[in-house]
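Undergrad: So here's final_14.cif, just mmCIF, C-alpha atoms:
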data_model
loop_
_atom_site.label_atom_id
_atom_site.label_comp_id
_atom_site.auth_asym_id
_atom_site.auth_seq_id
_atom_site.Cartn_x
_atom_site.Cartn_y
_atom_site.Cartn_z
CA MET H 1 39.58 28.13 9.26
CA PHE H 2 41.52 31.37 9.69
CA GLN H 3 41.27 34.99 8.76
CA GLU H 4 43.76 37.49 7.46
CA LEU H 5 43.84 40.88 9.11
CA ARG H 6 45.38 43.18 6.49
CA GLN H 7 46.54 46.68 7.40
CA TYR H 8 47.56 49.26 4.78
CA LYS H 9 48.86 52.80 4.82
CA ILE H 10 46.99 54.97 2.33
CA ARG H 11 48.45 58.14 0.84
CA GLU H 12 47.54 61.41 2.56
CA GLY H 13 44.26 62.76 1.24
CA LYS H 14 43.44 59.57 -0.71
CA MET H 15 41.35 57.63 1.83
CA ASP H 16 37.95 58.47 0.32
CA ALA H 17 39.20 57.43 -3.13
CA TRP H 18 40.73 54.26 -1.65
CA VAL H 19 37.52 53.23 0.15
CA GLU H 20 35.49 53.85 -3.01
CA PHE H 21 37.96 51.78 -5.06
CA MET H 22 37.95 48.95 -2.49
CA GLU H 23 34.17 48.86 -2.24
CA SER H 24 33.37 49.25 -5.93
CA VAL H 25 36.28 47.40 -7.59
CA ILE H 26 38.63 45.35 -5.39
CA ILE H 27 36.14 43.70 -3.04
CA PRO H 28 33.61 42.79 -5.78
CA PHE H 29 36.43 41.43 -7.96
CA GLN H 30 37.88 39.32 -5.16
CA VAL H 31 34.44 38.05 -4.14
CA SER H 32 33.79 37.06 -7.78
CA LYS H 33 36.91 34.88 -7.55
CA GLY H 34 35.69 33.21 -4.34
CA MET H 35 37.24 35.35 -1.58
CA VAL H 36 35.19 35.81 1.59
CA ILE H 37 35.60 39.37 2.86
CA THR H 38 34.54 39.68 6.49
CA GLY H 39 35.21 43.35 7.18
CA SER H 40 36.47 46.66 5.82
CA TYR H 41 37.54 49.53 8.09
CA ARG H 42 39.21 52.94 8.05
CA GLY H 43 41.00 54.59 10.93
CA GLU H 44 38.87 56.81 13.12
CA SER H 45 41.60 59.34 13.82
CA ASP H 46 44.32 58.19 11.40
CA ASP H 47 43.21 59.06 7.86
CA THR H 48 45.96 56.88 6.40
CA LEU H 49 44.94 53.63 8.13
CA TYR H 50 42.86 51.03 6.25
CA VAL H 51 42.18 47.55 7.62
CA TRP H 52 40.24 44.64 6.17
CA THR H 53 39.72 40.97 6.89
CA ARG H 54 39.29 37.89 4.71
CA ARG H 55 38.37 34.34 5.74
CA PHE H 56 39.85 31.10 4.39
CA GLU H 57 38.85 27.52 5.10
CA SER H 58 42.41 26.22 4.66
CA GLU H 59 45.89 27.10 3.42
CA ALA H 60 45.13 25.27 0.18
CA GLU H 61 42.10 27.49 -0.39
CA ARG H 62 44.14 30.62 0.39
CA GLU H 63 46.78 29.61 -2.14
CA ARG H 64 44.18 28.87 -4.81
CA LEU H 65 42.38 32.17 -4.24
CA TYR H 66 45.61 34.20 -4.16
CA ASP H 67 46.51 32.68 -7.52
CA ALA H 68 43.06 33.37 -8.98
CA VAL H 69 43.17 37.02 -7.86
CA TYR H 70 46.77 38.19 -7.98
CA ASN H 71 47.86 36.30 -11.10
CA SER H 72 44.85 37.39 -13.15
CA ASP H 73 45.13 39.80 -16.06
CA THR H 74 42.43 41.94 -14.45
CA TRP H 75 44.50 42.38 -11.28
CA ARG H 76 47.78 43.05 -13.09
CA ASP H 77 46.43 45.29 -15.84
CA GLU H 78 43.45 47.08 -14.30
CA ILE H 79 43.56 46.98 -10.51
CA ALA H 80 47.23 46.98 -9.45
CA PRO H 81 48.09 50.31 -11.15
CA THR H 82 45.41 52.14 -9.15
CA VAL H 83 46.44 50.37 -5.94
CA GLY H 84 49.93 51.78 -6.47
CA GLU H 85 48.56 55.30 -6.89
CA LEU H 86 46.48 55.23 -3.70
CA MET H 87 48.46 53.05 -1.29
CA ASP H 88 51.55 54.42 0.40
CA GLY H 89 53.65 51.40 -0.53
CA PRO H 90 55.13 48.67 1.62
CA PRO H 91 55.11 47.52 4.26
CA VAL H 92 51.69 45.92 4.23
CA SER H 93 50.89 44.20 7.51
CA VAL H 94 49.19 40.80 7.18
CA GLN H 95 48.38 38.81 10.29
CA ARG H 96 46.67 35.44 10.37
CA ILE H 97 44.11 35.32 13.12
CA ILE H 98 41.96 32.47 14.43
CA SER H 99 38.58 32.98 16.08
CA THR H 100 38.27 32.11 19.74
CA PRO H 101 35.78 29.35 20.62
CA ARG H 102 32.86 31.71 21.43
CA SER H 103 33.61 34.38 18.87
CA PRO H 104 30.65 35.51 16.74
CA ALA H 105 33.06 35.15 13.78
CA GLN H 106 32.98 31.35 14.11
#
Rewrite the structure from the file as structure tokens, please.
TA:
Amino acid sequence: MFQELRQYKIREGKMDAWVEFMESVIIPFQVSKGMVITGSYRGESDDTLYVWTRRFESEAERERLYDAVYNSDTWRDEIAPTVGELMDGPPVSVQRIISTPRSPAQ
């Protein structure tokens, strides 16, 4: 099992809209496809920083879920255009992280 720690830069003044979009559209959509979202965070002093985490049981599961989400008509036609309006483009930072033996995230 591993998690992805995903870090995005959000356009100035768009954080509230981004968080609302994540919590009402993106996260429910991804969960409906089988994603396990383990956290969603905004920067305390940096209003352009958004971080979230997702958990996968294996690389095969990650690949299957990526396909189900990012190659769907809903993602391409309905979600991606708004993402482009709110996110301040690449680079997106994605780190794979593994829980330590005594981590509560196990």
Undergrad: Of the candidates H:Gln30, H:Val92, H:Val36, H:Met22, which shows the shortest atom-to-atom distance to H:Lys9, using all atoms listed in the file?
TA: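 Result for the nearest residue to H:Lys9: H:Val92.
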Undergrad: Name the residues in contact with stretch 43-49 of chain H at a cut-off of 9 Å, using only C-alpha atoms, excluding same-chain residues fewer than 2 positions from it; report them as a PyMOL selection string.
TA: chain H and resi 7-15+41+51+87-88
Undergrad: Suppose you want the space between atom CA of H:Ala17 and atom CA of H:Gly89; what is it in Å?
TA: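 Interatomic distance here is 15.9 Å.
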Undergrad: Just how far from atom CA of H:Glu23 is atom CA of H:Pro104, in Å to one decimal?
TA: 23.5 Å
Undergrad: Evaluate the PyMOL selection byres ((chain H and resi 97) around 7) on the structure here and hand back the selected residues as a compact mmCIF listing (two decimals) with C-alpha atoms, in the coordinates of the input.
TA:
# COMPACT_ATOMS: atom_id res chain seq x y z
CA PHE H 2 41.52 31.37 9.69
CA GLN H 3 41.27 34.99 8.76
CA GLU H 4 43.76 37.49 7.46
CA LEU H 5 43.84 40.88 9.11
CA GLN H 95 48.38 38.81 10.29
CA ARG H 96 46.67 35.44 10.37
CA ILE H 98 41.96 32.47 14.43
CA SER H 99 38.58 32.98 16.08
Undergrad: From the options H:Ser40, H:Thr100, H:Thr82, H:Ser32, which residue's atoms come nearest to H:Met1, counting only C-alpha atoms?
TA: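 That would be H:Thr100, the residue with the smallest distance to H:Met1.
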Undergrad: Atom CA of H:Glu85 and atom CA of H:Ser72, how far apart in Å?
TA: 19.3 Å
Undergrad: Pick out the closest residue to H:Phe56 from this set: H:Asp77, H:Arg42, H:Ile37, H:Ala68. Count only C-alpha atoms.
TA: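 The shortest atom-to-atom distance to H:Phe56 comes from H:Ile37.
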Undergrad: Which one is closest to H:Phe21: H:Gly39, H:Glu63, H:Glu78, H:Thr53? Count all atoms listed in the file.
TA: H:Glu78
Undergrad: Nearest residue to H:Thr38 out of H:Trp52, H:Ser103, H:Asn71, H:Val19, using all atoms listed in the file?
TA: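 Going through H:Trp52, H:Ser103, H:Asn71, H:Val19 one by one, the smallest distance to H:Thr38 is for H:Trp52.
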Undergrad: Can you work out which one of H:Ile79, H:Val69, H:Leu86, H:Ala60 has the shortest atom-to-atom distance to H:Asp16, counting only C-alpha atoms?
TA: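 Of H:Ile79, H:Val69, H:Leu86, H:Ala60, the one nearest H:Asp16 is H:Leu86, counting only C-alpha atoms.
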Undergrad: Enclose stretch 15-22 of chain H, meaning all of its atoms listed in the file, in a box aligned along x, y and z, pad it by 8 Å on each side, and list the centre and edge lengths in Å to one decimal, as lines of an AutoDock Vina configuration file.
TA:
center_x = 38.4
center_y = 53.7
center_z = -1.6
size_x = 21.9
size_y = 25.5
size_z = 22.9
Undergrad: For H:Gly34, list every protein, DNA or RNA residue within 12 Å, evaluated using all atoms listed in the file, and leave out those in the same chain fewer than 4 positions away; present the list as a PDB file with C-alpha atoms, in the frame of the given file.
TA:
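File produced: selection.pdb:
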ATOM      1  CA  ILE H  27      36.140  43.700  -3.040  1.00  0.00           C
ATOM      2  CA  PRO H  28      33.610  42.790  -5.780  1.00  0.00           C
ATOM      3  CA  PHE H  29      36.430  41.430  -7.960  1.00  0.00           C
ATOM      4  CA  GLN H  30      37.880  39.320  -5.160  1.00  0.00           C
ATOM      5  CA  ARG H  54      39.290  37.890   4.710  1.00  0.00           C
ATOM      6  CA  ARG H  55      38.370  34.340   5.740  1.00  0.00           C
ATOM      7  CA  PHE H  56      39.850  31.100   4.390  1.00  0.00           C
ATOM      8  CA  GLU H  57      38.850  27.520   5.100  1.00  0.00           C
ATOM      9  CA  GLU H  61      42.100  27.490  -0.390  1.00  0.00           C
ATOM     10  CA  ARG H  62      44.140  30.620   0.390  1.00  0.00           C
ATOM     11  CA  GLU H  63      46.780  29.610  -2.140  1.00  0.00           C
ATOM     12  CA  ARG H  64      44.180  28.870  -4.810  1.00  0.00           C
ATOM     13  CA  LEU H  65      42.380  32.170  -4.240  1.00  0.00           C
ATOM     14  CA  TYR H  66      45.610  34.200  -4.160  1.00  0.00           C
ATOM     15  CA  ASP H  67      46.510  32.680  -7.520  1.00  0.00           C
ATOM     16  CA  ALA H  68      43.060  33.370  -8.980  1.00  0.00           C
ATOM     17  CA  VAL H  69      43.170  37.020  -7.860  1.00  0.00           C
TER      18      VAL H  69
END
